[in-house]
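K.L.:
Pasting input.cif below, which is mmCIF, C-alpha atoms.
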```cif
data_input
loop_
_atom_site.label_atom_id
_atom_site.label_comp_id
_atom_site.auth_asym_id
_atom_site.auth_seq_id
_atom_site.Cartn_x
_atom_site.Cartn_y
_atom_site.Cartn_z
CA ALA F 1 14.92 -14.04 11.72
CA ILE F 2 18.29 -14.94 10.23
CA GLU F 3 17.18 -18.54 9.62
CA TYR F 4 14.04 -17.35 7.84
CA ILE F 5 15.92 -14.81 5.71
CA SER F 6 18.52 -17.46 4.90
CA LYS F 7 15.79 -19.77 3.60
CA LEU F 8 14.34 -17.00 1.41
CA TYR F 9 17.81 -16.17 0.11
CA SER F 10 18.51 -19.81 -0.77
CA LEU F 11 15.19 -20.03 -2.66
CA GLY F 12 16.27 -17.19 -4.94
CA VAL F 13 13.78 -14.56 -3.74
CA ASP F 14 14.38 -11.28 -5.63
CA ALA F 15 13.98 -9.00 -2.61
CA ILE F 16 12.51 -8.83 0.88
CA ILE F 17 10.21 -6.14 2.29
CA VAL F 18 11.36 -5.05 5.75
CA GLN F 19 9.89 -2.79 8.43
CA ASP F 20 12.55 -3.11 11.13
CA LEU F 21 15.87 -1.21 11.00
CA GLY F 22 17.61 -3.96 12.97
CA VAL F 23 16.61 -6.56 10.38
CA ILE F 24 18.02 -4.34 7.61
CA ASN F 25 21.36 -4.27 9.43
CA LEU F 26 21.31 -8.06 9.80
CA VAL F 27 20.53 -8.60 6.12
CA LYS F 28 23.32 -6.27 5.03
CA LYS F 29 25.76 -8.00 7.38
CA PHE F 30 25.03 -11.63 6.46
CA PHE F 31 23.50 -11.30 2.95
CA PRO F 32 25.07 -8.13 1.48
CA ASP F 33 23.78 -8.81 -2.04
CA PHE F 34 20.18 -9.53 -0.95
CA GLU F 35 17.96 -6.69 -2.20
CA VAL F 36 16.02 -4.89 0.56
CA HIS F 37 12.79 -2.93 0.14
CA CYS F 38 11.30 -0.90 2.99
CA SER F 39 7.67 -1.47 3.95
CA THR F 40 4.98 1.19 3.99
CA GLN F 41 4.84 0.46 7.72
CA MET F 42 8.06 2.42 8.13
CA ALA F 43 5.82 5.45 7.43
CA LEU F 44 8.38 6.97 5.07
CA HIS F 45 7.07 10.40 4.16
CA ASN F 46 10.09 12.67 3.66
CA SER F 47 13.39 12.73 1.81
CA ALA F 48 15.53 12.95 4.97
CA GLY F 49 14.37 9.58 6.28
CA ILE F 50 14.65 7.96 2.87
CA MET F 51 18.21 9.24 2.35
CA GLU F 52 19.27 7.55 5.60
CA LEU F 53 17.91 4.24 4.32
CA GLN F 54 19.69 4.82 1.03
CA LYS F 55 22.95 5.01 3.00
CA MET F 56 22.09 1.66 4.59
CA GLY F 57 21.92 0.06 1.16
CA VAL F 58 18.14 -0.12 0.72
CA LYS F 59 17.15 -0.44 -2.96
CA ARG F 60 13.46 0.59 -2.81
CA VAL F 61 10.96 2.10 -0.38
CA VAL F 62 7.20 1.67 -0.34
CA LEU F 63 6.05 5.16 0.58
CA ALA F 64 3.49 6.04 3.23
CA ARG F 65 -0.02 5.96 1.81
CA GLU F 66 -0.69 9.46 3.11
CA LEU F 67 1.51 11.20 0.51
CA SER F 68 0.32 13.16 -2.51
CA ILE F 69 1.82 13.21 -6.01
CA LYS F 70 3.36 16.60 -5.16
CA ASP F 71 5.06 15.13 -2.08
CA ILE F 72 6.35 12.18 -4.09
CA LYS F 73 7.86 14.43 -6.76
CA THR F 74 9.74 16.34 -4.06
CA ILE F 75 11.15 13.10 -2.63
CA GLN F 76 12.06 11.87 -6.12
CA ASP F 77 13.99 15.08 -6.84
CA ARG F 78 16.02 14.79 -3.63
CA THR F 79 16.84 11.06 -3.52
CA GLN F 80 18.24 8.36 -5.80
CA ILE F 81 16.27 5.45 -4.38
CA GLU F 82 13.48 3.52 -6.14
CA LEU F 83 10.00 4.61 -5.02
CA GLU F 84 6.90 2.41 -4.89
CA VAL F 85 3.33 3.47 -4.05
CA PHE F 86 -0.03 1.83 -3.43
CA ALA F 87 -2.18 2.26 -6.54
CA HIS F 88 -5.21 0.06 -5.90
CA GLY F 89 -6.95 -1.76 -3.08
CA ALA F 90 -7.83 -1.46 0.57
CA LEU F 91 -6.70 1.61 2.47
CA CYS F 92 -5.93 1.52 6.18
CA TYR F 93 -7.88 3.62 8.66
CA SER F 94 -4.68 3.95 10.68
CA TYR F 95 -1.49 5.72 9.60
CA SER F 96 0.33 3.61 7.01
CA GLY F 97 -0.95 0.36 8.50
CA LEU F 98 0.47 1.00 11.98
CA CYS F 99 -2.57 -0.40 13.79
CA LEU F 100 -2.98 -2.79 16.72
CA MET F 101 -6.77 -3.07 16.58
CA SER F 102 -6.80 -6.50 14.93
CA SER F 103 -4.17 -7.73 17.38
CA PHE F 104 -6.12 -6.52 20.42
CA ILE F 105 -9.44 -7.96 19.24
CA GLY F 106 -8.40 -11.29 17.79
CA GLY F 107 -4.67 -11.78 18.22
CA ARG F 108 -3.97 -11.23 14.52
CA SER F 109 -1.46 -8.43 14.16
CA GLY F 110 -1.56 -6.19 11.10
CA ASN F 111 2.08 -5.42 11.83
CA ARG F 112 2.84 -9.09 11.17
CA GLY F 113 0.82 -9.24 7.95
CA ARG F 114 -2.21 -10.94 9.53
CA CYS F 115 -4.74 -8.10 9.83
CA ALA F 116 -8.35 -9.30 10.03
CA GLN F 117 -9.57 -5.82 9.00
CA PRO F 118 -11.83 -5.12 12.01
CA CYS F 119 -12.21 -1.55 10.71
CA ARG F 120 -14.47 -2.98 7.99
CA LYS F 121 -17.11 -4.02 10.53
CA ALA F 122 -20.11 -2.04 11.81
CA TYR F 123 -19.86 -0.36 15.22
CA GLU F 124 -22.02 1.57 17.67
CA ILE F 125 -20.92 4.76 19.40
CA ILE F 126 -21.34 4.41 23.15
CA SER F 127 -21.05 7.05 25.86
CA LEU F 128 -18.15 6.32 28.24
CA ASP F 129 -20.04 7.93 31.12
CA SER F 130 -23.46 6.36 30.91
CA ARG F 131 -22.79 3.47 28.52
CA ASP F 132 -25.75 4.68 26.53
CA ILE F 133 -25.72 3.87 22.84
CA LYS F 134 -25.41 7.16 20.97
CA SER F 135 -25.87 5.90 17.43
CA GLU F 136 -27.09 3.12 15.22
CA LYS F 137 -24.60 0.57 13.97
CA ALA F 138 -22.66 1.88 10.98
CA TYR F 139 -19.33 1.51 9.19
CA TYR F 140 -17.71 4.56 10.79
CA ILE F 141 -14.06 3.58 10.21
CA SER F 142 -14.37 1.59 6.99
CA THR F 143 -12.46 3.43 4.28
CA ARG F 144 -13.17 3.28 0.57
CA ASP F 145 -10.80 1.29 -1.64
CA LEU F 146 -8.13 3.11 -3.62
CA LYS F 147 -8.47 3.24 -7.43
CA THR F 148 -6.08 5.34 -9.52
CA ILE F 149 -6.20 3.78 -12.99
CA GLU F 150 -7.79 6.85 -14.60
CA GLN F 151 -4.78 8.95 -13.50
CA ILE F 152 -2.08 6.36 -14.20
CA GLY F 153 -0.05 8.76 -16.34
CA GLU F 154 0.20 11.33 -13.57
CA ILE F 155 1.50 8.67 -11.20
CA ILE F 156 4.09 7.40 -13.70
CA GLU F 157 5.33 10.93 -14.40
CA SER F 158 5.94 11.51 -10.68
CA GLY F 159 8.97 9.24 -10.93
CA ILE F 160 7.46 6.14 -9.34
CA LYS F 161 9.26 2.90 -10.28
CA SER F 162 6.60 0.44 -9.17
CA LEU F 163 2.89 0.31 -8.33
CA LYS F 164 1.68 -1.77 -5.40
CA ILE F 165 -1.70 -3.50 -5.68
CA GLU F 166 -3.17 -4.60 -2.36
CA GLY F 167 -4.44 -8.15 -2.58
CA ARG F 168 -4.58 -9.34 1.02
CA MET F 169 -7.61 -11.53 1.78
CA LYS F 170 -8.71 -11.26 -1.88
CA ASN F 171 -9.43 -14.18 -4.18
CA PRO F 172 -7.27 -15.03 -7.24
CA GLU F 173 -9.91 -13.72 -9.66
CA TYR F 174 -9.78 -10.27 -8.04
CA VAL F 175 -5.99 -10.13 -8.16
CA ALA F 176 -5.86 -11.30 -11.78
CA ALA F 177 -8.46 -8.78 -12.97
CA VAL F 178 -6.87 -5.81 -11.20
CA VAL F 179 -3.29 -6.61 -12.20
CA ARG F 180 -4.28 -7.28 -15.83
CA THR F 181 -6.19 -3.99 -16.13
CA TYR F 182 -3.43 -1.88 -14.57
CA ARG F 183 -0.79 -3.63 -16.70
CA ARG F 184 -2.64 -2.65 -19.87
CA ALA F 185 -3.12 0.93 -18.67
CA ILE F 186 0.59 1.28 -17.86
CA ASP F 187 1.67 -0.21 -21.19
CA ASN F 188 -0.70 2.07 -23.10
CA TYR F 189 0.59 5.17 -21.35
CA LEU F 190 4.24 4.23 -21.91
CA ALA F 191 3.53 3.51 -25.59
CA TYR F 192 1.23 6.43 -26.44
CA GLY F 193 1.61 8.98 -23.64
CA GLN F 194 -2.13 8.94 -22.92
CA ASN F 195 -4.40 7.46 -20.26
CA LEU F 196 -5.89 4.80 -22.56
CA TYR F 197 -7.23 2.44 -19.93
CA ASP F 198 -9.39 -0.55 -20.78
CA GLU F 199 -13.05 0.38 -20.13
CA VAL F 200 -14.05 -3.28 -19.94
CA GLY F 201 -11.27 -3.96 -17.46
CA VAL F 202 -12.20 -0.97 -15.32
CA LYS F 203 -15.81 -2.15 -15.23
CA GLU F 204 -14.60 -5.61 -14.21
CA ILE F 205 -12.54 -4.35 -11.25
CA THR F 206 -15.45 -2.23 -10.03
CA GLN F 207 -17.73 -5.25 -10.07
CA ILE F 208 -15.42 -8.01 -8.83
CA PHE F 209 -15.18 -6.52 -5.32
CA ASN F 210 -18.17 -4.58 -4.05
CA ARG F 211 -16.78 -1.41 -2.44
CA GLU F 212 -16.87 2.29 -3.21
CA PHE F 213 -13.66 3.85 -4.49
CA THR F 214 -11.51 6.87 -3.73
CA ARG F 215 -8.38 8.41 -5.28
CA GLY F 216 -6.97 8.73 -1.79
CA TYR F 217 -4.29 11.05 -0.47
CA LEU F 218 -2.20 10.16 -3.53
CA LEU F 219 -4.46 12.13 -5.86
CA GLU F 220 -5.87 14.38 -3.11
CA SER F 221 -9.40 13.05 -3.31
CA PRO F 222 -12.05 14.97 -1.36
CA GLN F 223 -13.50 11.62 -0.18
#
```
Could you write out this structure as structure tokens?
P.N.:
Amino acid sequence: AIEYISKLYSLGVDAIIVQDLGVINLVKKFFPDFEVHCSTQMALHNSAGIMELQKMGVKRVVLARELSIKDIKTIQDRTQIELEVFAHGALCYSYSGLCLMSSFIGGRSGNRGRCAQPCRKAYEIISLDSRDIKSEKAYYISTRDLKTIEQIGEIIESGIKSLKIEGRMKNPEYVAAVVRTYRRAIDNYLAYGQNLYDEVGVKEITQIFNREFTRGYLLESPQ
């Protein structure tokens, strides 16, 4: 781990995202000026846990995806650390990405950044007693993708310092379209104080990846 972090440090990486408390201690011991951000996989959902990381010298935390704007405002009021949230892209069926399903099925661990997204596949429900199939194949654990661009002002006003756009297993065209559209929406809100998002851009991001959308826990969506 130290060799890998040393290589990143020598390359001039701005910051590293870490899930393990032991790694944070190692970074602070051997690379005290290397900026550390905490991963959403730390499931950070309250101010007490975040204040402990603040004491360890962490600069930013990526909050658990199960928090609402109200929760985030409470954390912002009680801490002095930078907060980052997921704003667009795939949501995890498990809690904050803490899932071993991909690892068990195919040896690709989501906790090591290699999730094959088996939750996106169709499954049958089978009785454990009789092994009878109880349902037709369906996408029972496939979540909708997060989209928050229409409420970008509300997210900014919560005190968030950075938005995280999920781009894993997506092509460059998808990433470019989503980032460009959110960038314009953010700039418009900061300049005019209104949610003036680009209608053409929003249409593009709804067409470039064929999934239904939700506003998620962040904006307390009913779906």
K.L.:
Could you list the residues chosen by the PyMOL selection byres ((chain F and resi 214-219) around 7) in this structure as a tab-separated table (two decimals) with C-alpha atoms, keeping the file's coordinate frame?
P.N.:
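Result saved to part-v7.tsv:
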```
chain	number	residue	atom	x	y	z
F	66	GLU	CA	-0.69	9.46	3.11
F	67	LEU	CA	1.51	11.20	0.51
F	68	SER	CA	0.32	13.16	-2.51
F	69	ILE	CA	1.82	13.21	-6.01
F	144	ARG	CA	-13.17	3.28	0.57
F	145	ASP	CA	-10.80	1.29	-1.64
F	146	LEU	CA	-8.13	3.11	-3.62
F	147	LYS	CA	-8.47	3.24	-7.43
F	148	THR	CA	-6.08	5.34	-9.52
F	213	PHE	CA	-13.66	3.85	-4.49
F	220	GLU	CA	-5.87	14.38	-3.11
F	221	SER	CA	-9.40	13.05	-3.31
F	223	GLN	CA	-13.50	11.62	-0.18
```
K.L.:
Kindly give the distance, in Å, that separates CA of Gln207 (chain F) and CA of Gly153 (chain F), rounded to a single decimal.
P.N.:
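Taking CA of Gln207 (chain F) and CA of Gly153 (chain F), their separation equals 23.4 Å.
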K.L.:
List the residues selected by the PyMOL selection byres ((chain F and resi 40) around 10) in the file shown, writing them as a PyMOL selection string.
P.N.:
chain F and resi 17-19+37-39+41-45+61-65+84-86+95-98
K.L.:
For Arg168 (chain F), which of F:Lys70, F:Arg131, F:Arg114, F:Arg108 is the closest residue, counting all atoms listed in the file?
P.N.:
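Residue with the minimum atom-to-atom distance to Arg168 (chain F): F:Arg114.
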K.L.:
Quick check, in Å to one decimal: how far apart do CA of Ile81 (chain F) and CA of Cys99 (chain F) lie?
P.N.:
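Those two atoms sit 26.8 Å apart.
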K.L.:
Between F:Glu35, F:Arg78, F:Lys203, F:Lys73, which is the closest to Val58 (chain F) once you count only C-alpha atoms?
P.N.:
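That would be F:Glu35, the residue with the smallest distance to Val58 (chain F).
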K.L.:
CA of Ser6 (chain F) and CA of Gly49 (chain F) are how many Å apart?
P.N.:
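If I compute the distance from CA of Ser6 (chain F) to CA of Gly49 (chain F), I get 27.4 Å.
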K.L.:
Between F:Glu199, F:Asn46, F:Phe31, F:Ser102, which one has atoms that come closest to Glu3 (chain F), using all atoms listed in the file?
P.N.:
F:Phe31
K.L.:
Of the residues F:Gly201, F:Gly159, F:Gly167, F:Gly193, which is the one nearest to Thr79 (chain F), using all atoms listed in the file?
P.N.:
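Comparing F:Gly201, F:Gly159, F:Gly167, F:Gly193 against Thr79 (chain F), the winner is F:Gly159.
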K.L.:
Looking at only C-alpha atoms, which of F:Leu100, F:Cys115, F:Ile50, F:Ala122 is the one that sits closest to Ile72 (chain F)?
P.N.:
F:Ile50
K.L.:
With region 171-183 of chain F as the partner and 12 Å as the cut-off, tabulate the residues of region 10-105 of chain F that qualify, each row holding the nearest pair of atoms and their distance in Å to one decimal, using all atoms listed in the file, sorted by chain and rising number, as a tab-separated table.
P.N.:
```
residue	atom	partner	partner_atom	distance
F:Ala87	CA	F:Tyr182	CA	9.1
F:His88	CA	F:Val178	CA	8.1
F:Gly89	CA	F:Val178	CA	9.1
```
K.L.:
Produce a file of the selected residues containing C-alpha atoms, as a PDB file, in the frame of the given file.
P.N.:
```pdb
ATOM      1  CA  ALA F  87      -2.180   2.260  -6.540  1.00  0.00           C
ATOM      2  CA  HIS F  88      -5.210   0.060  -5.900  1.00  0.00           C
ATOM      3  CA  GLY F  89      -6.950  -1.760  -3.080  1.00  0.00           C
TER       4      GLY F  89
END
```
K.L.:
Restricting the calculation to all atoms listed in the file, which member of F:Ala48, F:Leu190, F:Met169, F:Ile125 is positioned closest to Ala138 (chain F)?
P.N.:
F:Ile125
K.L.:
What's the 9 Å shell around Met101 (chain F), counting all atoms listed in the file, without same-chain residues fewer than 3 positions away, as a list in words?
P.N.:
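Counting only the stated atoms, we get Phe104, Ile105, Gly106, Arg108, Ser109, Gly110, Cys115, Gln117, Pro118 and Cys119 of chain F.
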K.L.:
For Asn195 (chain F), work out the shell of residues within 8 Å, counting only C-alpha atoms and skipping chain neighbours fewer than 4 positions away, then give it as JSON, numbers by chain.
P.N.:
{"F": [150, 151, 152, 153, 185, 188, 189]}
K.L.:
Would you list the residues near (18.0, -4.5, 7.0), meaning any protein, DNA or RNA residue with an atom at most 12 Å from that point in file coordinates, counting all atoms listed in the file, as a PyMOL selection string?
P.N.:
chain F and resi 1-2+5+15-39+53-60
K.L.:
Reconstruct N, CA, C and O atoms of region 130-150 of chain F; output as a short mmCIF file (atom, residue, chain, number, x, y, z; two decimals), keeping the file's coordinate frame.
P.N.:
```
data_model
loop_
_atom_site.label_atom_id
_atom_site.label_comp_id
_atom_site.auth_asym_id
_atom_site.auth_seq_id
_atom_site.Cartn_x
_atom_site.Cartn_y
_atom_site.Cartn_z
N SER F 130 -22.21 7.04 30.59
CA SER F 130 -23.46 6.36 30.91
C SER F 130 -23.62 5.00 30.23
O SER F 130 -24.54 4.24 30.54
N ARG F 131 -22.70 4.69 29.33
CA ARG F 131 -22.79 3.47 28.52
C ARG F 131 -24.01 3.44 27.63
O ARG F 131 -24.43 2.38 27.14
N ASP F 132 -24.62 4.60 27.44
CA ASP F 132 -25.75 4.68 26.53
C ASP F 132 -25.28 4.62 25.09
O ASP F 132 -24.24 5.19 24.74
N ILE F 133 -26.04 3.92 24.26
CA ILE F 133 -25.72 3.87 22.84
C ILE F 133 -26.13 5.18 22.19
O ILE F 133 -27.28 5.61 22.29
N LYS F 134 -25.17 5.84 21.53
CA LYS F 134 -25.41 7.16 20.97
C LYS F 134 -25.71 7.13 19.47
O LYS F 134 -25.94 8.17 18.87
N SER F 135 -25.65 5.96 18.88
CA SER F 135 -25.87 5.90 17.43
C SER F 135 -26.32 4.51 17.01
O SER F 135 -26.20 3.55 17.78
N GLU F 136 -26.81 4.42 15.81
CA GLU F 136 -27.09 3.12 15.22
C GLU F 136 -25.78 2.52 14.71
O GLU F 136 -24.80 3.23 14.51
N LYS F 137 -25.79 1.21 14.52
CA LYS F 137 -24.60 0.57 13.97
C LYS F 137 -24.32 1.10 12.56
O LYS F 137 -25.23 1.23 11.75
N ALA F 138 -23.05 1.40 12.31
CA ALA F 138 -22.66 1.88 10.98
C ALA F 138 -21.17 1.62 10.78
O ALA F 138 -20.44 1.30 11.73
N TYR F 139 -20.73 1.80 9.54
CA TYR F 139 -19.33 1.51 9.19
C TYR F 139 -18.50 2.80 9.31
O TYR F 139 -18.01 3.34 8.32
N TYR F 140 -18.31 3.26 10.54
CA TYR F 140 -17.71 4.56 10.79
C TYR F 140 -16.22 4.64 10.39
O TYR F 140 -15.73 5.71 10.04
N ILE F 141 -15.51 3.53 10.48
CA ILE F 141 -14.06 3.58 10.21
C ILE F 141 -13.67 2.71 9.01
O ILE F 141 -12.51 2.34 8.85
N SER F 142 -14.65 2.39 8.18
CA SER F 142 -14.37 1.59 6.99
C SER F 142 -14.09 2.51 5.81
O SER F 142 -14.99 3.19 5.31
N THR F 143 -12.86 2.54 5.38
CA THR F 143 -12.46 3.43 4.28
C THR F 143 -12.85 2.85 2.92
O THR F 143 -13.00 1.64 2.75
N ARG F 144 -12.96 3.73 1.95
CA ARG F 144 -13.17 3.28 0.57
C ARG F 144 -11.87 2.67 0.04
O ARG F 144 -10.79 2.93 0.55
N ASP F 145 -11.98 1.88 -1.00
CA ASP F 145 -10.80 1.29 -1.64
C ASP F 145 -10.17 2.30 -2.61
O ASP F 145 -10.87 3.08 -3.25
N LEU F 146 -8.87 2.23 -2.72
CA LEU F 146 -8.13 3.11 -3.62
C LEU F 146 -8.25 2.61 -5.06
O LEU F 146 -8.15 1.41 -5.33
N LYS F 147 -8.47 3.54 -5.98
CA LYS F 147 -8.47 3.24 -7.43
C LYS F 147 -7.88 4.43 -8.17
O LYS F 147 -8.42 5.53 -8.10
N THR F 148 -6.78 4.22 -8.89
CA THR F 148 -6.08 5.34 -9.52
C THR F 148 -5.87 5.14 -11.02
O THR F 148 -5.15 5.91 -11.65
N ILE F 149 -6.52 4.14 -11.61
CA ILE F 149 -6.20 3.78 -12.99
C ILE F 149 -6.48 4.92 -13.98
O ILE F 149 -5.78 5.05 -14.98
N GLU F 150 -7.47 5.75 -13.69
CA GLU F 150 -7.79 6.85 -14.60
C GLU F 150 -6.71 7.92 -14.62
O GLU F 150 -6.63 8.73 -15.54
#
```
